[in-house]
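Structure below is run.txt: compact mmCIF, C-alpha atoms.
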# COMPACT_ATOMS: atom_id res chain seq x y z
CA MET A 125 23.32 -11.67 2.95
CA ARG A 126 25.49 -11.95 6.08
CA PHE A 127 29.06 -10.88 6.63
CA THR A 128 31.52 -13.03 8.58
CA ARG A 129 35.21 -12.86 9.27
CA LYS A 130 35.70 -15.60 6.69
CA MET A 131 34.05 -13.48 4.01
CA ALA A 132 36.46 -10.65 4.60
CA SER A 133 39.47 -12.96 4.22
CA VAL A 134 38.40 -14.50 0.89
CA SER A 135 40.39 -13.05 -2.00
CA PRO A 136 41.11 -13.83 -5.63
CA ALA A 137 44.53 -14.76 -6.95
CA GLY A 138 46.77 -11.84 -6.20
CA GLY A 139 46.28 -11.98 -2.43
CA GLY A 140 44.90 -9.63 0.13
CA ASP A 141 41.47 -8.54 1.21
CA GLN A 142 40.33 -6.86 -1.99
CA ILE A 143 36.94 -5.71 -0.65
CA SER A 144 38.49 -3.78 2.22
CA LYS A 145 40.70 -1.90 -0.25
CA LEU A 146 37.70 -0.33 -1.94
CA PRO A 147 37.05 3.39 -1.29
CA GLU A 148 34.99 4.04 1.82
CA GLU A 149 32.10 5.58 -0.09
CA ILE A 150 31.70 2.29 -2.00
CA LEU A 151 31.80 0.26 1.21
CA VAL A 152 29.20 2.57 2.75
CA SER A 153 27.01 2.13 -0.33
CA ILE A 154 27.29 -1.66 0.01
CA LEU A 155 26.37 -1.61 3.71
CA SER A 156 23.40 0.67 3.04
CA ARG A 157 21.84 -2.23 1.13
CA LEU A 158 21.95 -4.51 4.17
CA THR A 159 19.61 -4.47 7.13
CA LEU A 160 20.81 -2.12 9.85
CA ARG A 161 21.65 -4.97 12.20
CA GLU A 162 23.69 -6.72 9.50
CA ALA A 163 25.54 -3.52 8.71
CA VAL A 164 26.49 -3.01 12.38
CA ARG A 165 27.82 -6.57 12.56
CA THR A 166 30.46 -5.80 9.93
CA SER A 167 32.29 -3.74 12.56
CA VAL A 168 33.86 -6.97 13.90
CA LEU A 169 35.49 -7.93 10.60
CA SER A 170 38.62 -5.82 11.07
CA LYS A 171 39.84 -2.37 12.09
CA ARG A 172 39.14 -1.21 8.54
CA TRP A 173 35.47 -2.11 8.92
CA ARG A 174 35.00 -0.98 12.51
CA TYR A 175 33.38 2.38 11.79
CA VAL A 176 32.29 2.05 8.16
CA TRP A 177 28.68 1.29 9.13
CA THR A 178 28.42 4.59 11.05
CA SER A 179 28.32 6.47 7.75
CA ILE A 180 25.47 4.57 6.12
CA SER A 181 22.66 6.74 4.81
CA VAL A 182 19.79 4.26 5.26
CA LEU A 183 18.65 3.89 8.89
CA ASN A 184 15.82 1.36 8.99
CA PHE A 185 14.94 0.48 12.59
CA ASP A 186 12.65 -2.44 11.86
CA ALA A 187 10.93 -4.20 14.76
CA ASN A 188 11.92 -7.55 13.26
CA ASP A 189 15.60 -6.72 13.81
CA ILE A 190 15.36 -6.34 17.58
CA TYR A 191 14.74 -8.97 20.21
CA GLY A 192 13.32 -7.39 23.34
CA ASP A 193 10.78 -4.93 24.62
CA ARG A 194 10.12 -1.23 24.08
CA TYR A 195 13.07 -0.27 26.29
CA ASP A 196 15.46 -2.39 24.22
CA TYR A 197 14.14 -0.87 21.00
CA ARG A 198 14.57 2.71 22.24
CA LYS A 199 18.07 1.91 23.44
CA TRP A 200 19.00 0.39 20.08
CA VAL A 201 17.83 3.41 18.10
CA SER A 202 19.49 5.92 20.43
CA GLU A 203 22.84 4.09 20.44
CA VAL A 204 22.95 3.88 16.65
CA LEU A 205 22.14 7.57 16.26
CA GLU A 206 24.80 8.54 18.78
CA GLN A 207 27.47 6.71 16.75
CA HIS A 208 26.31 7.84 13.32
CA ARG A 209 28.80 10.14 11.61
CA GLY A 210 27.59 10.22 8.03
CA PRO A 211 27.14 13.56 6.23
CA ASN A 212 23.42 12.97 5.64
CA VAL A 213 20.57 10.48 5.94
CA ASP A 214 18.64 9.36 2.87
CA GLU A 215 16.07 7.15 4.65
CA PHE A 216 15.00 7.13 8.28
CA ARG A 217 12.43 4.54 9.35
CA VAL A 218 11.08 3.74 12.83
CA CYS A 219 8.78 0.71 12.98
CA TYR A 220 7.68 -0.38 16.46
CA ASN A 221 4.67 -0.13 18.77
CA LEU A 222 5.33 3.23 20.42
CA ASP A 223 3.02 5.93 21.78
CA ASP A 224 2.98 9.22 23.68
CA ALA A 225 4.96 7.68 26.54
CA ASP A 226 7.92 7.55 24.15
CA SER A 227 7.51 11.14 22.90
CA SER A 228 10.80 12.53 24.22
CA HIS A 229 12.75 9.76 22.47
CA ILE A 230 10.88 9.98 19.18
CA ASP A 231 11.21 13.78 19.16
CA ARG A 232 15.00 13.50 19.40
CA TRP A 233 15.09 10.88 16.65
CA ILE A 234 13.08 13.07 14.28
CA GLU A 235 15.26 16.08 15.08
CA PHE A 236 18.35 13.99 14.31
CA ALA A 237 16.93 12.94 10.93
CA LEU A 238 15.96 16.48 9.99
CA SER A 239 19.32 17.89 11.03
CA ASN A 240 20.91 15.37 8.64
CA ARG A 241 18.83 16.61 5.71
CA VAL A 242 16.80 13.41 5.49
CA HIS A 243 15.04 12.51 2.24
CA THR A 244 12.57 9.93 3.58
CA ILE A 245 10.92 9.75 7.00
CA GLU A 246 8.67 6.82 7.86
CA LEU A 247 7.16 6.56 11.34
CA CYS A 248 5.18 3.35 11.70
CA LEU A 249 4.15 3.20 15.36
CA SER A 250 1.50 0.49 15.15
CA ASN A 251 0.89 -2.86 13.49
CA LEU A 252 -2.04 -5.14 12.65
CA TRP A 253 -2.05 -6.59 16.16
CA SER A 254 -1.91 -3.29 18.03
CA TRP A 255 -4.53 -0.70 17.19
CA PRO A 256 -3.58 2.58 18.87
CA LEU A 257 -5.93 4.50 21.11
CA HIS A 258 -6.25 8.13 20.11
CA ASP A 259 -5.52 9.53 23.57
CA ARG A 260 -2.26 7.54 23.69
CA CYS A 261 -1.09 8.17 20.14
CA TYR A 262 2.24 9.90 19.59
CA THR A 263 1.79 13.45 18.26
CA PHE A 264 4.24 14.93 15.78
CA PRO A 265 6.11 17.72 17.65
CA TYR A 266 4.69 21.07 16.63
CA ARG A 267 7.76 22.86 17.95
CA LEU A 268 9.83 21.29 15.14
CA LEU A 269 7.42 22.95 12.73
CA GLY A 270 7.80 26.34 14.43
CA LEU A 271 4.19 26.12 15.65
CA ASN A 272 2.58 26.06 19.07
CA VAL A 273 -0.06 23.51 20.08
CA PHE A 274 -2.74 25.75 18.53
CA GLY A 275 -0.99 25.75 15.17
CA LEU A 276 0.22 29.34 15.45
CA ARG A 277 3.70 30.41 14.34
CA LEU A 278 6.31 30.71 17.09
CA ASN A 279 8.59 33.73 17.19
CA ASP A 280 11.80 31.78 17.65
CA SER A 281 13.11 29.49 14.94
CA PHE A 282 15.02 26.21 14.84
CA ASN A 283 18.05 25.33 12.75
CA VAL A 284 16.37 21.96 12.27
CA PHE A 285 13.78 23.57 9.99
CA VAL A 286 16.21 23.43 7.10
CA GLY A 287 15.81 19.64 7.23
CA PHE A 288 12.30 19.89 5.82
CA LYS A 289 13.73 21.42 2.65
CA SER A 290 15.27 18.06 1.71
CA LEU A 291 12.26 15.87 2.56
CA LYS A 292 10.89 13.90 -0.41
CA THR A 293 8.81 11.19 1.29
CA LEU A 294 6.84 11.44 4.54
CA SER A 295 4.92 8.45 5.91
CA LEU A 296 3.01 8.74 9.18
CA LYS A 297 1.25 5.69 10.64
CA ALA A 298 -0.34 5.96 14.08
CA VAL A 299 1.28 9.37 14.38
CA ASP A 300 -1.18 12.12 15.19
CA ALA A 301 -0.99 15.39 13.29
CA GLY A 302 -3.64 18.07 12.94
CA ASP A 303 -4.62 20.10 9.90
CA LYS A 304 -2.00 22.79 10.60
CA ALA A 305 0.81 20.23 10.74
CA ILE A 306 -0.21 18.64 7.43
CA GLU A 307 -0.55 22.09 5.88
CA TYR A 308 2.97 22.90 7.08
CA PHE A 309 4.43 19.79 5.42
CA LEU A 310 2.78 20.66 2.12
CA SER A 311 3.83 24.33 2.28
CA ASN A 312 7.38 23.99 3.62
CA CYS A 313 8.69 20.81 2.02
CA PRO A 314 9.37 21.99 -1.54
CA LEU A 315 10.71 18.60 -2.65
CA LEU A 316 7.93 16.48 -1.09
CA GLU A 317 6.71 13.93 -3.64
CA ARG A 318 5.07 11.23 -1.48
CA LEU A 319 2.76 11.77 1.50
CA PHE A 320 1.25 8.74 3.27
CA LEU A 321 -1.18 9.39 6.13
CA HIS A 322 -2.38 6.28 8.02
CA LEU A 323 -4.22 6.43 11.34
CA VAL A 324 -3.84 10.19 11.65
CA PHE A 325 -6.65 10.83 14.10
CA SER A 326 -6.82 14.63 14.38
CA MET A 327 -6.81 15.43 10.67
CA ARG A 328 -10.19 16.74 9.50
CA ASN A 329 -9.49 18.85 6.41
CA LEU A 330 -6.83 17.98 3.87
CA LYS A 331 -6.02 20.49 1.14
CA VAL A 332 -3.60 19.67 -1.65
CA VAL A 333 -3.80 22.84 -3.69
CA GLY A 334 -1.45 24.68 -6.02
CA PRO A 335 0.66 23.90 -9.10
CA SER A 336 3.87 24.72 -7.20
CA LEU A 337 3.56 21.49 -5.18
CA LEU A 338 5.77 18.63 -6.34
CA LEU A 339 3.54 16.09 -4.58
CA ARG A 340 2.95 13.09 -6.86
CA HIS A 341 1.55 10.37 -4.57
CA LEU A 342 -1.00 10.76 -1.76
CA GLU A 343 -2.47 8.09 0.54
CA VAL A 344 -5.15 8.64 3.19
CA VAL A 345 -5.88 5.42 5.10
CA SER A 346 -7.99 4.85 8.23
CA CYS A 347 -8.15 8.52 9.24
CA PRO A 348 -11.53 8.37 11.03
CA ARG A 349 -12.16 12.11 11.47
CA VAL A 350 -11.34 13.38 8.00
CA GLU A 351 -14.31 15.31 6.62
CA ASN A 352 -13.00 17.12 3.56
CA ILE A 353 -10.34 16.36 0.96
CA ALA A 354 -9.56 18.96 -1.69
CA ILE A 355 -7.19 18.22 -4.58
CA CYS A 356 -7.01 21.21 -6.91
CA ASP A 357 -4.56 22.56 -9.50
CA THR A 358 -1.94 19.94 -8.68
CA ASN A 359 0.39 17.52 -10.45
CA LEU A 360 -0.73 14.55 -8.36
CA VAL A 361 -0.22 11.21 -10.17
CA SER A 362 -1.76 8.70 -7.73
CA PHE A 363 -4.35 8.95 -4.95
CA THR A 364 -5.47 6.32 -2.43
CA TYR A 365 -8.37 6.64 -0.01
CA ASP A 366 -9.23 3.82 2.39
CA GLY A 367 -11.65 4.39 5.24
CA ASN A 368 -15.02 3.63 6.81
CA ASN A 369 -16.22 7.21 6.48
CA LYS A 370 -16.98 8.95 3.21
CA PRO A 371 -15.44 12.45 3.23
CA TRP A 372 -16.55 15.25 0.96
CA MET A 373 -14.07 15.31 -1.92
CA VAL A 374 -13.31 18.04 -4.42
CA ILE A 375 -10.99 17.09 -7.27
CA LYS A 376 -10.39 19.80 -9.86
CA ASN A 377 -7.73 20.37 -12.49
CA ALA A 378 -5.53 17.35 -11.74
CA PRO A 379 -4.34 16.58 -15.29
CA GLN A 380 -1.72 14.01 -14.27
CA LEU A 381 -3.91 11.96 -11.92
CA VAL A 382 -3.89 8.54 -13.62
CA GLU A 383 -4.00 6.09 -10.70
CA VAL A 384 -6.79 5.92 -8.10
CA SER A 385 -7.48 3.39 -5.33
CA ILE A 386 -10.68 3.62 -3.29
CA ASN A 387 -11.97 1.51 -0.40
CA LEU A 388 -15.14 2.64 1.37
CA TYR A 389 -16.00 -0.64 3.09
CA GLY A 390 -19.51 -0.27 1.74
CA HIS A 391 -21.84 -0.69 -1.22
CA MET A 392 -21.26 0.21 -4.84
CA SER A 393 -23.67 3.13 -4.45
CA GLY A 394 -21.01 4.97 -2.47
CA PHE A 395 -18.57 4.56 -5.35
CA GLN A 396 -21.06 5.87 -7.87
CA ALA A 397 -21.27 9.09 -5.85
CA MET A 398 -17.50 9.28 -5.66
CA PHE A 399 -17.12 8.87 -9.42
CA SER A 400 -18.96 12.17 -9.85
CA GLU A 401 -16.32 13.83 -7.65
CA PHE A 402 -13.58 12.42 -9.89
CA SER A 403 -15.33 13.45 -13.11
CA CYS A 404 -12.51 15.80 -14.12
CA CYS A 405 -9.96 13.00 -14.35
CA LEU A 406 -12.00 9.93 -15.32
CA SER A 407 -11.08 10.21 -18.98
CA ARG A 408 -7.37 10.07 -18.08
CA LEU A 409 -7.40 7.26 -15.50
CA GLU A 410 -5.04 4.40 -16.38
CA ILE A 411 -5.13 2.33 -13.16
CA LEU A 412 -8.18 1.89 -10.91
CA ARG A 413 -8.49 -0.24 -7.77
CA LEU A 414 -11.87 -0.59 -6.02
CA THR A 415 -12.67 -2.48 -2.83
CA VAL A 416 -16.39 -3.13 -2.50
CA ARG A 417 -17.74 -5.27 0.32
CA HIS A 418 -21.31 -5.58 -0.98
CA LEU A 419 -22.51 -5.68 -4.57
CA VAL A 420 -26.27 -5.99 -4.92
CA GLN A 421 -27.08 -8.61 -7.55
CA GLU A 422 -30.62 -7.38 -8.08
CA ARG A 423 -29.40 -3.99 -9.30
CA LEU A 424 -27.41 -4.45 -12.48
CA SER A 425 -26.71 -0.70 -12.60
CA ALA A 426 -24.54 -1.16 -9.50
CA TYR A 427 -22.02 -3.07 -11.59
CA MET A 428 -21.46 -0.43 -14.23
CA LEU A 429 -18.38 1.76 -14.22
CA PRO A 430 -18.56 5.13 -15.98
CA GLU A 431 -16.77 5.53 -19.27
CA LEU A 432 -13.03 5.08 -18.67
CA LYS A 433 -11.60 5.12 -22.15
CA ASN A 434 -7.93 5.22 -21.09
CA LEU A 435 -8.13 2.66 -18.29
CA GLU A 436 -5.48 -0.07 -18.71
CA GLN A 437 -5.63 -1.88 -15.35
CA PHE A 438 -8.66 -2.54 -13.15
CA VAL A 439 -8.40 -4.31 -9.78
CA LEU A 440 -11.68 -5.20 -8.03
CA VAL A 441 -11.69 -6.53 -4.45
CA VAL A 442 -15.05 -7.96 -3.31
CA ASP A 443 -16.60 -10.30 -0.78
CA ARG A 444 -18.00 -13.41 -2.42
CA TRP A 445 -21.22 -14.76 -0.95
CA SER A 446 -23.03 -17.96 -1.81
CA ASP A 447 -25.50 -16.18 -4.14
CA ALA A 448 -22.89 -14.21 -6.10
CA SER A 449 -22.28 -14.75 -9.81
CA LEU A 450 -18.84 -13.72 -11.01
CA LEU A 451 -20.20 -12.90 -14.44
CA GLY A 452 -21.65 -9.65 -13.12
CA TYR A 453 -18.19 -8.38 -12.28
CA LEU A 454 -17.19 -8.79 -15.91
CA ALA A 455 -20.03 -6.45 -16.85
CA MET A 456 -18.26 -3.68 -14.92
CA ILE A 457 -15.57 -3.26 -17.57
CA LYS A 458 -17.94 -2.76 -20.49
CA ASN A 459 -17.10 0.96 -20.62
CA CYS A 460 -13.32 0.37 -20.54
CA PRO A 461 -12.44 -0.29 -24.21
CA ASN A 462 -8.65 -0.14 -23.72
CA LEU A 463 -8.42 -2.31 -20.62
CA GLN A 464 -5.41 -4.66 -20.75
CA ARG A 465 -5.38 -6.24 -17.26
CA PHE A 466 -8.39 -7.24 -15.14
CA VAL A 467 -7.80 -8.50 -11.58
CA LEU A 468 -10.61 -9.89 -9.43
CA GLN A 469 -9.76 -10.55 -5.77
CA LEU A 470 -12.41 -12.55 -3.93
CA SER A 471 -12.75 -12.91 -0.18
CA SER A 472 -14.90 -16.00 0.34
CA ARG A 473 -17.66 -15.78 2.95
CA GLN A 474 -19.26 -19.14 2.18
CA VAL A 475 -18.38 -22.14 0.04
CA ILE A 476 -20.38 -22.16 -3.19
CA HIS A 477 -21.81 -25.56 -4.11
CA GLU A 478 -23.09 -26.46 -7.53
CA HIS A 479 -26.64 -26.88 -6.32
CA ASP A 480 -26.91 -23.29 -5.07
CA GLU A 481 -29.66 -21.43 -6.89
CA GLU A 482 -27.45 -18.66 -8.27
CA GLY A 483 -24.43 -20.92 -8.61
CA GLU A 484 -26.01 -22.77 -11.53
CA GLY A 485 -25.74 -19.71 -13.74
CA ALA A 486 -26.04 -15.96 -13.92
CA ARG A 487 -29.32 -14.14 -14.52
CA GLU A 488 -30.08 -13.48 -18.17
CA ASP A 489 -29.73 -9.69 -17.87
CA VAL A 490 -26.31 -10.10 -16.23
CA ARG A 491 -25.27 -12.54 -18.95
CA GLU A 492 -26.27 -10.09 -21.68
CA ALA A 493 -24.47 -7.20 -19.96
CA ALA A 494 -21.27 -9.24 -19.71
CA SER A 495 -21.31 -10.30 -23.36
CA PHE A 496 -19.21 -7.76 -25.27
CA ARG A 497 -15.86 -7.59 -27.05
CA HIS A 498 -12.62 -6.91 -25.13
CA PRO A 499 -10.24 -6.00 -27.96
CA CYS A 500 -7.30 -4.99 -25.72
CA LEU A 501 -7.69 -7.37 -22.76
CA LYS A 502 -4.51 -9.46 -22.39
CA VAL A 503 -4.35 -10.65 -18.76
CA VAL A 504 -7.10 -11.85 -16.41
CA GLU A 505 -6.24 -12.71 -12.81
CA ILE A 506 -8.64 -14.24 -10.28
CA ALA A 507 -7.49 -14.49 -6.65
CA GLY A 508 -9.94 -16.54 -4.61
CA TYR A 509 -12.18 -19.56 -4.73
CA CYS A 510 -13.58 -20.54 -8.14
CA ASN A 511 -15.52 -23.66 -9.14
CA THR A 512 -17.07 -25.17 -12.25
CA CYS A 513 -20.07 -22.82 -11.86
CA ASP A 514 -17.72 -19.98 -12.79
CA PHE A 515 -16.78 -21.55 -16.11
CA GLU A 516 -19.34 -19.26 -17.76
CA LEU A 517 -17.23 -16.25 -16.74
CA PHE A 518 -14.07 -17.65 -18.29
CA LYS A 519 -15.91 -18.79 -21.40
CA GLN A 520 -17.17 -15.25 -21.99
CA ILE A 521 -13.63 -13.93 -21.60
CA ILE A 522 -12.15 -16.53 -23.94
CA GLU A 523 -14.78 -15.87 -26.61
CA ASN A 524 -14.62 -12.07 -26.46
CA ALA A 525 -10.99 -11.23 -25.58
CA VAL A 526 -9.40 -11.82 -28.98
CA ASN A 527 -5.92 -10.78 -27.80
CA LEU A 528 -5.97 -12.66 -24.49
CA GLU A 529 -2.52 -13.91 -23.44
CA LYS A 530 -2.91 -15.23 -19.89
CA ILE A 531 -5.49 -16.42 -17.33
CA SER A 532 -4.23 -16.80 -13.76
CA ILE A 533 -6.30 -18.37 -10.95
CA ASN A 534 -4.86 -18.26 -7.44
CA ALA A 535 -7.24 -20.30 -5.30
CA LEU A 536 -4.81 -20.18 -2.36
CA ASP A 537 -5.38 -16.47 -1.81
CA ASN A 538 -9.05 -16.55 -0.93
CA HIS A 539 -9.89 -17.03 2.73
CA ASP A 540 -10.77 -14.16 5.04
CA PRO A 541 -8.60 -14.57 8.18
CA ASN A 542 -11.44 -13.18 10.29
CA LEU A 543 -13.64 -16.17 9.43
CA PRO A 544 -13.47 -19.65 10.98
CA SER A 545 -11.12 -22.16 9.38
CA GLU A 546 -12.64 -24.36 6.74
CA SER A 547 -13.51 -27.97 7.49
CA LYS A 548 -11.70 -30.86 5.82
CA ASN A 549 -14.78 -31.58 3.68
CA GLU A 550 -14.84 -27.98 2.43
CA GLU A 551 -11.15 -28.13 1.57
CA ASP A 552 -11.61 -31.41 -0.30
CA TYR A 553 -14.62 -30.02 -2.17
CA LYS A 554 -12.66 -26.94 -3.24
CA GLU A 555 -9.73 -29.00 -4.45
CA LEU A 556 -12.06 -31.21 -6.50
CA GLN A 557 -13.76 -28.18 -8.05
CA ARG A 558 -10.43 -26.56 -8.80
CA GLY A 559 -9.28 -29.63 -10.70
CA SER A 560 -12.54 -29.87 -12.65
CA LEU A 561 -12.38 -26.18 -13.59
CA GLU A 562 -8.79 -26.57 -14.78
CA GLN A 563 -9.79 -29.43 -17.08
CA LEU A 564 -12.71 -27.46 -18.51
CA LEU A 565 -10.51 -24.46 -19.21
CA LYS A 566 -7.85 -26.52 -20.94
CA THR A 567 -10.45 -27.81 -23.39
CA GLU A 568 -11.56 -24.27 -24.31
CA LEU A 569 -8.35 -22.22 -24.24
CA PRO A 570 -6.66 -21.52 -27.56
CA PRO A 571 -2.93 -22.40 -27.74
CA ARG A 572 -1.85 -18.76 -27.46
CA VAL A 573 -3.35 -18.36 -23.96
CA GLU A 574 -1.28 -19.36 -20.93
CA LEU A 575 -3.18 -20.90 -18.00
CA VAL A 576 -1.72 -20.58 -14.49
CA MET A 577 -3.46 -22.44 -11.64
CA LEU A 578 -2.14 -21.98 -8.09
Write the structure described by the file as C-alpha cells, please.
Amino acid sequence: MRFTRKMASVSPAGGGDQISKLPEEILVSILSRLTLREAVRTSVLSKRWRYVWTSISVLNFDANDIYGDRYDYRKWVSEVLEQHRGPNVDEFRVCYNLDDADSSHIDRWIEFALSNRVHTIELCLSNLWSWPLHDRCYTFPYRLLGLNVFGLRLNDSFNVFVGFKSLKTLSLKAVDAGDKAIEYFLSNCPLLERLFLHLVFSMRNLKVVGPSLLLRHLEVVSCPRVENIAICDTNLVSFTYDGNNKPWMVIKNAPQLVEVSINLYGHMSGFQAMFSEFSCCLSRLEILRLTVRHLVQERLSAYMLPELKNLEQFVLVVDRWSDASLLGYLAMIKNCPNLQRFVLQLSSRQVIHEHDEEGEGAREDVREAASFRHPCLKVVEIAGYCNTCDFELFKQIIENAVNLEKISINALDNHDPNLPSESKNEEDYKELQRGSLEQLLKTELPPRVELVML
C-alpha cells in the first residue's frame, strides 16, 4: 500500500479529506501498519500529515527499505529516531549487516528503544550471505544491564533500566552476549515471553529455571559454544534447538512444553539420545519437528520415535539419497496414535531412477513396520521429489488412514541450493515421473481425499 497526494484528496460525497479528519491516534495506528519508509512518505501529503509518522510505535529498519551502504543505513536510523516523538515504542527492529565497528550507533539505538519502554527488540545483524566473524561481532552493551565486562554489578544505575520491565520479545542474531547477559534478561525482564538467540557466540550455559518466568518460547540456533541447556520448573510452551554441536540438556518439570523443534545436522542416533532428555514432556508433546541429515536404512530401529500419544503434528526434514525408501519414514509415526498431520520435507541429493536397487521397493521389514492403522491422520504433505517408486508409500497411507482428507505433493520445493543445478534430462525425467505418480494416485484415492500436486 502506498500513499500519494491523490489518495489524500479522494473523498466520498459530502466533500473534504475525510481520512485527515480522523483522530491522530487512529492515523498513527494506520501508519504503524505500513513499512517505515512508506510511513515517512506520508509527511508530504499535507500539513496535517507532516508529523503524524513521528508518533508511530513500530520502528522496523529493514535492509530492504534502504538503498545504500552501511553509512546510509546508520544515517537513516539515527535521523528517524531523532524525529520520533511518540510516547512509546512497541516494536524496534534493526536488520542490516553491522558489527563492532558500529557499536556506538547501535548502543544509542538500543538505549532509545529501552527509554521508550519497548515491547519487542529484534537485532538481526547478519544474513545468509554474510556470516559474522566472532572477533568482529557486535556485543550487547553490558553497561545498559548495569554490569561490567566481567558480568559484575556496577554501583551506579541507569534510568534506561526501567525499559527492560516492558520487554516482551527479545531476538538477537549475530549479537554477542555472554551467560551473564542472558541471565540478566531472564531475571530482569518480568514480561519476557519470547527469547530468540541466533549466532550468539559467547553463550556457553543457558538456564531457564523458575516458575516465576513468563517465558513461553525459546529458540537457540547456531550458537557454536553452548555446552549446557537447563529448562526446569518453567511454563515454556515451545523450544527450538538448531546447531552442529550437541549440548547437554536437562529438561525437568515443564508441564506446558508441547512444541519442540530439533536439528542436530547428524544421524538419528543423536535424536534418540535427546529423546531421553525430553522424557518428562514426551507424553504431552503436540508438535514435533525433526531435521535429520542421515537415516541409516540398515537399522530399522533408527526410524522409530518413542511413544508420543498426544502428538498431532510431525514434521520430518531429511536428505534423500538414491538408496532411500520413503516407506521407512512412515514407520516413524507408528507410536503416534493421535497424529493428524504428517509433513515430510525432502532435500534431494541424487535423482532416483526406477532401476535403482532400493527404488524398486522397500525392504520387507520396513514394509511390515510401516503397515499399521492411522485412525486420526487427516493431512499428509510431501515437499520434494517423488516418483512412481514412492507409490507404495502413498498406497499404505490410503489403505490405513481411514479419515484421510488431503494429500499434498510439492515437487517444486525439493532441490538443495548448495548442489549443482539439474540437467535438462533430469528435469524432464522428474516431470514425467510426477505426471505418472499423479495418475496412479487418482486411480487409488477415494472421493473424500483431496489431491494437490504442485
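Each of A:Leu146, A:Asp189, A:Phe264, A:Ile234 was compared to A:Ser202 using all atoms listed in the file, and A:Ile234 turns out to be the nearest.
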Between atom CA of A:Asp196 and atom CA of A:Leu151, what is the spacing in Å? 28.3 Å
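Taking only C-alpha atoms into account, the residues near (-8.7, -9.0, -21.0), no farther than 8 Å, are Leu463, Gln464, Arg465, Phe466, His498, Pro499, Cys500, Leu501, Lys502, Val503, Val504, Ile521, Ala525, Asn527 and Leu528 of chain A.
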Polymer residues at most 7 Å from A:Leu575, all atoms listed in the file, same-chain spacing of 5 or more positions, as an MDAnalysis selection string: chainID A and resid 530:532
Build an axis-aligned box that encloses every atom of stretch 403-419 of chain A listed in the file, pad it by 6 Å on each side, and report its centre and edge lengths in Å to one decimal, as lines of an AutoDock Vina configuration file.
center_x = -13.8
center_y = 5.1
center_z = -9.3
size_x = 29.5
size_y = 33.5
size_z = 31.3
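The spacing separating atom CA of A:Leu360 from atom CA of A:Ala237 amounts to 26.2 Å.
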Of A:Met327, A:Leu454, A:Val218, A:Leu321, the one sitting nearest A:Met428 when using only C-alpha atoms is A:Leu454
If we count all atoms listed in the file and set the cut-off at 8 Å, which residues sit around A:Leu468, ignoring sequence neighbours fewer than 3 positions away in its own chain? Please answer as a PyMOL selection string. chain A and resi 439-442+505-507
Keeping only C-alpha atoms, take the residues you just selected and write them out as a PDB file, in the frame of the given file.
ATOM      1  CA  VAL A 439      -8.400  -4.310  -9.780  1.00  0.00           C
ATOM      2  CA  LEU A 440     -11.680  -5.200  -8.030  1.00  0.00           C
ATOM      3  CA  VAL A 441     -11.690  -6.530  -4.450  1.00  0.00           C
ATOM      4  CA  VAL A 442     -15.050  -7.960  -3.310  1.00  0.00           C
ATOM      5  CA  GLU A 505      -6.240 -12.710 -12.810  1.00  0.00           C
ATOM      6  CA  ILE A 506      -8.640 -14.240 -10.280  1.00  0.00           C
ATOM      7  CA  ALA A 507      -7.490 -14.490  -6.650  1.00  0.00           C
TER       8      ALA A 507
END
For A:Leu517, please output as a PyMOL selection string all residues within 9 Å (counting all atoms listed in the file; exclusion window: fewer than 6 positions along the same chain). chain A and resi 449-452+454+494
Generate a file of the selected residues that holds C-alpha atoms, formatted as a PDB file, keeping the file's coordinate frame.
ATOM      1  CA  SER A 449     -22.280 -14.750  -9.810  1.00  0.00           C
ATOM      2  CA  LEU A 450     -18.840 -13.720 -11.010  1.00  0.00           C
ATOM      3  CA  LEU A 451     -20.200 -12.900 -14.440  1.00  0.00           C
ATOM      4  CA  GLY A 452     -21.650  -9.650 -13.120  1.00  0.00           C
ATOM      5  CA  LEU A 454     -17.190  -8.790 -15.910  1.00  0.00           C
ATOM      6  CA  ALA A 494     -21.270  -9.240 -19.710  1.00  0.00           C
TER       7      ALA A 494
END
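Distances to A:Phe325 were evaluated for A:Asp303, A:Glu343, A:Glu529, A:Glu148 using all atoms listed in the file, and the minimum falls at A:Asp303.
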Can you work out which one of A:Cys405, A:Leu205, A:Val526, A:Val332 has the shortest atom-to-atom distance to A:Arg232, counting only C-alpha atoms? A:Leu205
Selection: 7 Å around stretch 562-572 of chain A, all atoms listed in the file, excl. self and same-chain fewer than 2 positions, as a list in words: Ile522, Glu529, Arg558, Gly559, Ser560 and Glu574 of chain A
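Our summary of the geometry notes that atom CA of A:Gly287 is positioned 28.1 Å from atom CA of A:Asn188.
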Which of these residues is nearest to A:Ile245, using all atoms listed in the file: A:Thr178, A:Asn184, A:Asn312, A:Asn369? A:Asn184
Show which residues sit within 7 Å of A:Glu383, as JSON, numbers by chain. Count all atoms listed in the file, and ignore same-chain residues fewer than 2 positions away. {"A": [361, 362, 363, 381, 385, 409, 410, 411, 412]}
Selected residue of minimal separation from A:Ser227 among A:Val299, A:Val213, A:Val573, A:Val164, counting all atoms listed in the file: A:Val299
